[in-house]
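Pasting my_file.txt here (compact mmCIF, C-alpha atoms):
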```txt
# COMPACT_ATOMS: atom_id res chain seq x y z
CA MET Y 21 111.41 142.34 52.64
CA CYS Y 22 108.90 144.34 54.66
CA ALA Y 23 109.54 142.19 57.73
CA ALA Y 24 113.19 143.29 57.91
CA TRP Y 25 112.36 146.98 58.41
CA PRO Y 26 110.49 146.68 61.74
CA ILE Y 27 113.19 144.32 63.03
CA LEU Y 28 115.90 146.88 62.18
CA ALA Y 29 113.86 149.72 63.71
CA GLY Y 30 113.32 147.70 66.89
CA ALA Y 31 117.03 146.89 67.11
CA CYS Y 32 117.92 150.57 66.75
CA LEU Y 33 115.43 151.64 69.38
CA GLY Y 34 116.60 148.86 71.70
CA LEU Y 35 120.23 149.90 71.30
CA MET Y 36 119.29 153.50 72.04
CA LEU Y 37 118.16 152.42 75.51
CA VAL Y 38 121.54 150.94 76.44
CA ARG Y 39 123.85 153.53 74.85
CA THR Y 40 125.10 156.56 76.76
CA ASN Y 41 127.03 158.44 74.06
CA PRO Y 42 124.77 161.21 72.65
CA LEU Y 43 126.27 160.84 69.17
CA GLU Y 44 125.53 157.11 69.12
CA ILE Y 45 121.98 157.75 70.34
CA LEU Y 46 121.42 160.39 67.65
CA SER Y 47 122.80 158.07 64.96
CA LEU Y 48 120.56 155.23 66.11
CA LEU Y 49 117.54 157.56 66.23
CA LEU Y 50 118.17 158.71 62.64
CA LEU Y 51 118.61 155.09 61.52
CA ALA Y 52 115.36 154.14 63.28
CA ILE Y 53 113.51 156.99 61.52
CA TYR Y 54 114.98 155.88 58.19
CA THR Y 55 113.90 152.26 58.73
CA ILE Y 56 110.37 153.33 59.70
CA GLN Y 57 109.96 155.45 56.55
CA ALA Y 58 111.38 152.60 54.43
CA PHE Y 59 108.93 150.16 56.01
CA ILE Y 60 105.99 152.46 55.22
CA ALA Y 61 107.20 153.01 51.64
CA GLU Y 62 107.59 149.26 51.07
CA ALA Y 63 104.34 148.35 52.85
CA LEU Y 64 102.37 150.65 50.55
CA GLY Y 65 103.80 148.70 47.62
CA ILE Y 66 103.21 149.64 44.01
CA ARG Y 67 100.00 151.61 43.51
CA VAL Y 68 98.30 152.13 40.15
CA SER Y 69 95.59 154.73 39.62
CA LYS Y 70 94.09 156.28 36.49
CA LYS Y 71 96.42 159.26 36.79
CA SER Y 72 99.67 157.85 38.19
CA ILE Y 73 101.82 154.98 39.41
CA SER Y 74 103.56 155.25 42.78
CA PHE Y 75 106.20 152.92 44.18
CA PRO Y 76 109.10 152.75 46.66
CA ARG Y 77 112.02 154.86 45.44
CA ARG Y 78 115.07 152.61 45.52
CA LEU Y 79 118.36 154.45 45.17
CA ILE Y 80 120.09 151.35 43.74
CA ALA Y 81 117.95 149.15 41.51
CA GLY Y 82 117.47 145.68 42.95
CA PHE Y 83 118.97 146.61 46.34
CA PRO Y 84 116.05 146.85 48.79
CA PHE Y 85 117.88 148.50 51.70
CA LEU Y 86 118.30 151.95 50.16
CA VAL Y 87 114.70 153.16 50.01
CA LEU Y 88 114.00 156.87 50.10
CA TRP Y 89 110.25 157.32 50.44
CA ARG Y 90 108.20 156.97 47.25
CA ALA Y 91 108.24 158.05 43.63
CA ARG Y 92 105.16 158.97 41.60
CA ILE Y 93 104.93 158.97 37.82
CA LYS Y 94 101.99 160.44 35.95
CA CYS Y 95 100.58 157.94 33.44
CA ALA Y 96 100.72 160.70 30.80
CA ASP Y 97 104.53 160.84 31.28
CA ILE Y 98 105.08 157.11 30.63
CA ASP Y 99 106.27 156.09 27.17
CA GLN Y 100 106.46 152.34 27.69
CA ILE Y 101 106.80 149.54 30.22
CA SER Y 102 108.95 146.49 29.56
CA SER Y 103 109.68 143.20 31.34
CA ARG Y 104 113.04 142.38 32.82
CA PRO Y 105 114.32 139.14 34.34
CA LYS Y 106 113.51 138.17 37.95
CA ALA Y 107 110.03 139.76 38.13
CA ARG Y 108 111.40 143.24 37.38
CA VAL Y 109 109.82 145.88 35.20
CA ARG Y 110 111.38 148.93 33.57
CA VAL Y 111 109.23 152.05 33.18
CA GLU Y 112 110.47 154.44 30.51
CA LYS Y 113 109.26 158.00 30.71
CA ILE Y 114 108.77 160.23 27.68
CA SER Y 115 111.76 162.25 28.92
CA GLY Y 116 113.96 159.16 28.50
CA GLU Y 117 114.36 158.49 32.22
CA ARG Y 118 114.19 154.79 33.13
CA LEU Y 119 112.94 153.50 36.45
CA GLY Y 120 112.97 149.92 37.74
CA LEU Y 121 110.20 148.26 39.72
CA ASP Y 122 110.67 145.00 41.63
CA PHE Y 123 107.85 142.51 42.16
CA PRO Y 124 107.77 139.55 44.55
CA SER Y 125 106.60 137.18 41.80
CA ARG Y 126 105.75 136.82 38.13
CA GLU Y 127 102.05 136.77 39.03
CA ALA Y 128 102.34 140.12 40.82
CA ARG Y 129 104.05 141.57 37.75
CA LEU Y 130 101.27 140.29 35.47
CA ARG Y 131 98.66 141.78 37.82
CA PHE Y 132 100.51 145.11 37.57
CA TYR Y 133 100.30 144.93 33.76
CA GLN Y 134 96.56 144.30 33.95
CA LEU Y 135 96.05 147.28 36.25
CA VAL Y 136 98.14 149.56 34.03
CA LYS Y 137 96.27 148.46 30.89
CA ARG Y 138 92.95 149.15 32.65
CA ALA Y 139 94.08 152.54 34.02
CA ALA Y 140 95.96 153.80 30.94
CA PRO Y 141 95.40 151.72 27.78
CA CYS Y 142 97.65 154.07 25.76
CA ILE Y 143 100.82 152.87 27.57
CA SER Y 144 102.80 150.32 25.55
CA ILE Y 145 103.77 147.19 27.46
CA TYR Y 146 106.53 144.98 26.04
CA GLY Y 147 107.51 141.49 27.09
CA LEU Y 148 104.04 140.42 28.16
CA SER Y 149 103.63 136.69 28.14
CA ALA Y 150 100.70 134.41 28.77
CA SER Y 151 99.53 133.97 32.32
CA PRO Y 152 100.48 130.66 34.00
CA SER Y 153 96.91 129.40 33.84
CA SER Y 154 96.72 129.82 30.04
CA ARG Y 155 99.86 127.82 29.27
CA PRO Y 156 99.46 124.22 28.02
```
As structure tokens, what does this structure read like?
Amino acid sequence: MCAAWPILAGACLGLMLVRTNPLEILSLLLLAIYTIQAFIAEALGIRVSKKSISFPRRLIAGFPFLVLWRARIKCADIDQISSRPKARVRVEKISGERLGLDFPSREARLRFYQLVKRAAPCISIYGLSASPSSRP
């Protein structure tokens, strides 16, 4: 998904060079800025530290083209984490708010679980299954 953002930014900047209407140029400039911030947010990926988890803030779960910078959740605010189909994870905050995280693969999701368990062992993780290497 990260590869699409620079392509879109380049297309916007390229179109800006051939357009003469100031409104079109402004619109393309704003779209280019949006695609650059989305690329950076996606390129940073999902980060886990002892104090927090940060990830791209998707306005519509599962739709990767509406990314508005990043969200950060303090580990102390997380009630539980549960698996969802298609390498997705749902993070439930103590406040009741639910946030979805998308992973490129099942292995990446399992690695996320390991990092969370190491950083904050008090967080409940549901839907954990054996790693592919431990299956018969």
Between atom CA of Ile53 of chain Y and atom CA of Arg108 of chain Y - distance in Å to one decimal: 27.9 Å
Val109 of chain Y environment, 10 Å, only C-alpha atoms, sequence neighbours closer than 2 positions dropped, as JSON, numbers by chain: {"Y": [101, 102, 103, 104, 105, 106, 107, 111, 112, 119, 120, 121, 122, 123, 129, 132, 133, 145, 146, 147]}
Nearest residue to Cys22 of chain Y from the set Y:Ile60, Y:Leu130, Y:Ile93, Y:Val38 (distances using all atoms listed in the file):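 The shortest atom-to-atom distance to Cys22 of chain Y comes from Y:Ile60.
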Given only C-alpha atoms as the counted atoms, nearest of Y:Ala24, Y:Ala128, Y:Cys95, Y:Leu35 to Gly65 of chain Y: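 Checking each of Y:Ala24, Y:Ala128, Y:Cys95, Y:Leu35 against Gly65 of chain Y, counting only C-alpha atoms, the winner is Y:Ala128.
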Selected residue, from Y:Phe59, Y:Arg118, Y:Arg110, Y:Ala91, that lies nearest to Ser74 of chain Y when counting all atoms listed in the file: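 For Ser74 of chain Y, the nearest of the candidates is Y:Ala91.
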For atom CA of Arg138 of chain Y and atom CA of Arg78 of chain Y, the interatomic separation in Å (one decimal):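 These two atoms are separated by 25.8 Å.
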Computed interatomic separation between atom CA of Gly116 of chain Y and atom CA of Phe75 of chain Y (Å): 18.6 Å
Selected residue, from Y:Gln100, Y:Asn41, Y:Gln134, Y:Ser72, that lies nearest to Ile114 of chain Y when counting all atoms listed in the file: Y:Gln100
Which polymer residues have any atom within 12 Å of an atom of Ala52 of chain Y, counting only C-alpha atoms, with same-chain residues fewer than 6 positions away left out, as a compact mmCIF listing (two decimals) with C-alpha atoms, in the coordinates of the input?
```
# COMPACT_ATOMS: atom_id res chain seq x y z
CA TRP Y 25 112.36 146.98 58.41
CA PRO Y 26 110.49 146.68 61.74
CA ILE Y 27 113.19 144.32 63.03
CA LEU Y 28 115.90 146.88 62.18
CA ALA Y 29 113.86 149.72 63.71
CA GLY Y 30 113.32 147.70 66.89
CA ALA Y 31 117.03 146.89 67.11
CA CYS Y 32 117.92 150.57 66.75
CA LEU Y 33 115.43 151.64 69.38
CA GLY Y 34 116.60 148.86 71.70
CA LEU Y 35 120.23 149.90 71.30
CA MET Y 36 119.29 153.50 72.04
CA ILE Y 45 121.98 157.75 70.34
CA LEU Y 46 121.42 160.39 67.65
CA ALA Y 58 111.38 152.60 54.43
CA PHE Y 59 108.93 150.16 56.01
```
Y:Leu43, Y:Leu50, Y:Ala61, Y:Cys142 ranked by distance to Phe85 of chain Y, top pick (using all atoms listed in the file):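 The shortest atom-to-atom distance to Phe85 of chain Y comes from Y:Ala61.
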Emit as JSON the padded axis-aligned box for all listed atoms of segment 95-103 of chain Y, 3 Å per side, with centre and edge lengths in Å to one decimal.
```
{"center_x": 105.1, "center_y": 152.0, "center_z": 30.3, "size_x": 15.1, "size_y": 23.6, "size_z": 12.3}
```
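Using all atoms listed in the file, the nearest neighbour of Ile143 of chain Y within the list Y:Thr40, Y:Asp99, Y:Val68, Y:Arg126 is Y:Asp99.
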Any chance you could build segment 109-120 of chain Y out to all heavy atoms and write it as a short mmCIF file (atom, residue, chain, number, x, y, z; two decimals), in the frame of the given file?
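Once everything was written out, this is result_18.cif:
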```
data_model
loop_
_atom_site.label_atom_id
_atom_site.label_comp_id
_atom_site.auth_asym_id
_atom_site.auth_seq_id
_atom_site.Cartn_x
_atom_site.Cartn_y
_atom_site.Cartn_z
N VAL Y 109 110.45 145.13 36.27
CA VAL Y 109 109.82 145.88 35.20
C VAL Y 109 110.58 147.19 35.05
O VAL Y 109 111.00 147.79 36.04
CB VAL Y 109 108.34 146.17 35.54
CG1 VAL Y 109 107.74 147.20 34.61
CG2 VAL Y 109 107.52 144.89 35.50
N ARG Y 110 110.76 147.63 33.80
CA ARG Y 110 111.38 148.93 33.57
C ARG Y 110 110.32 149.86 32.99
O ARG Y 110 109.68 149.55 32.00
CB ARG Y 110 112.56 148.83 32.61
CG ARG Y 110 113.20 150.19 32.40
CD ARG Y 110 114.52 150.14 31.70
NE ARG Y 110 114.37 149.51 30.40
CZ ARG Y 110 115.41 149.12 29.67
NH1 ARG Y 110 116.63 149.26 30.12
NH2 ARG Y 110 115.22 148.56 28.50
N VAL Y 111 110.16 151.01 33.64
CA VAL Y 111 109.23 152.05 33.18
C VAL Y 111 110.07 153.13 32.51
O VAL Y 111 110.99 153.67 33.12
CB VAL Y 111 108.44 152.64 34.36
CG1 VAL Y 111 107.54 153.77 33.89
CG2 VAL Y 111 107.63 151.56 35.06
N GLU Y 112 109.75 153.40 31.25
CA GLU Y 112 110.47 154.44 30.51
C GLU Y 112 109.55 155.64 30.34
O GLU Y 112 108.46 155.53 29.78
CB GLU Y 112 110.93 153.91 29.16
CG GLU Y 112 111.93 152.80 29.29
CD GLU Y 112 112.51 152.35 27.96
OE1 GLU Y 112 112.64 153.20 27.06
OE2 GLU Y 112 112.82 151.17 27.84
N LYS Y 113 110.04 156.78 30.82
CA LYS Y 113 109.26 158.00 30.71
C LYS Y 113 109.51 158.64 29.34
O LYS Y 113 110.49 158.34 28.67
CB LYS Y 113 109.66 158.97 31.83
CG LYS Y 113 109.29 158.45 33.22
CD LYS Y 113 109.82 159.31 34.32
CE LYS Y 113 109.15 160.65 34.36
NZ LYS Y 113 109.57 161.45 35.54
N ILE Y 114 108.63 159.52 28.95
CA ILE Y 114 108.77 160.23 27.68
C ILE Y 114 110.07 161.02 27.66
O ILE Y 114 110.71 161.16 26.61
CB ILE Y 114 107.54 161.15 27.45
CG1 ILE Y 114 106.29 160.30 27.26
CG2 ILE Y 114 107.75 162.08 26.27
CD1 ILE Y 114 104.99 161.06 27.25
N SER Y 115 110.51 161.48 28.80
CA SER Y 115 111.76 162.25 28.92
C SER Y 115 113.00 161.39 28.70
O SER Y 115 114.09 161.91 28.59
CB SER Y 115 111.83 162.91 30.28
OG SER Y 115 111.95 161.93 31.30
N GLY Y 116 112.83 160.07 28.67
CA GLY Y 116 113.96 159.16 28.50
C GLY Y 116 114.44 158.54 29.80
O GLY Y 116 115.24 157.60 29.78
N GLU Y 117 113.98 159.04 30.92
CA GLU Y 117 114.36 158.49 32.22
C GLU Y 117 113.80 157.08 32.36
O GLU Y 117 112.67 156.79 31.96
CB GLU Y 117 113.81 159.37 33.34
CG GLU Y 117 114.18 158.91 34.72
CD GLU Y 117 113.57 159.79 35.80
OE1 GLU Y 117 112.83 160.74 35.49
OE2 GLU Y 117 113.84 159.51 36.97
N ARG Y 118 114.60 156.18 32.92
CA ARG Y 118 114.19 154.79 33.13
C ARG Y 118 114.18 154.47 34.62
O ARG Y 118 115.12 154.76 35.32
CB ARG Y 118 115.15 153.84 32.43
CG ARG Y 118 115.15 153.98 30.95
CD ARG Y 118 116.17 153.08 30.32
NE ARG Y 118 116.11 153.19 28.88
CZ ARG Y 118 116.94 152.59 28.07
NH1 ARG Y 118 117.92 151.85 28.56
NH2 ARG Y 118 116.81 152.72 26.78
N LEU Y 119 113.08 153.86 35.05
CA LEU Y 119 112.94 153.50 36.45
C LEU Y 119 112.63 152.01 36.55
O LEU Y 119 111.88 151.47 35.74
CB LEU Y 119 111.80 154.30 37.09
CG LEU Y 119 111.96 155.81 37.02
CD1 LEU Y 119 110.65 156.49 37.30
CD2 LEU Y 119 113.01 156.26 38.00
N GLY Y 120 113.20 151.35 37.54
CA GLY Y 120 112.97 149.92 37.74
C GLY Y 120 112.01 149.66 38.88
O GLY Y 120 112.07 150.33 39.92
#
```
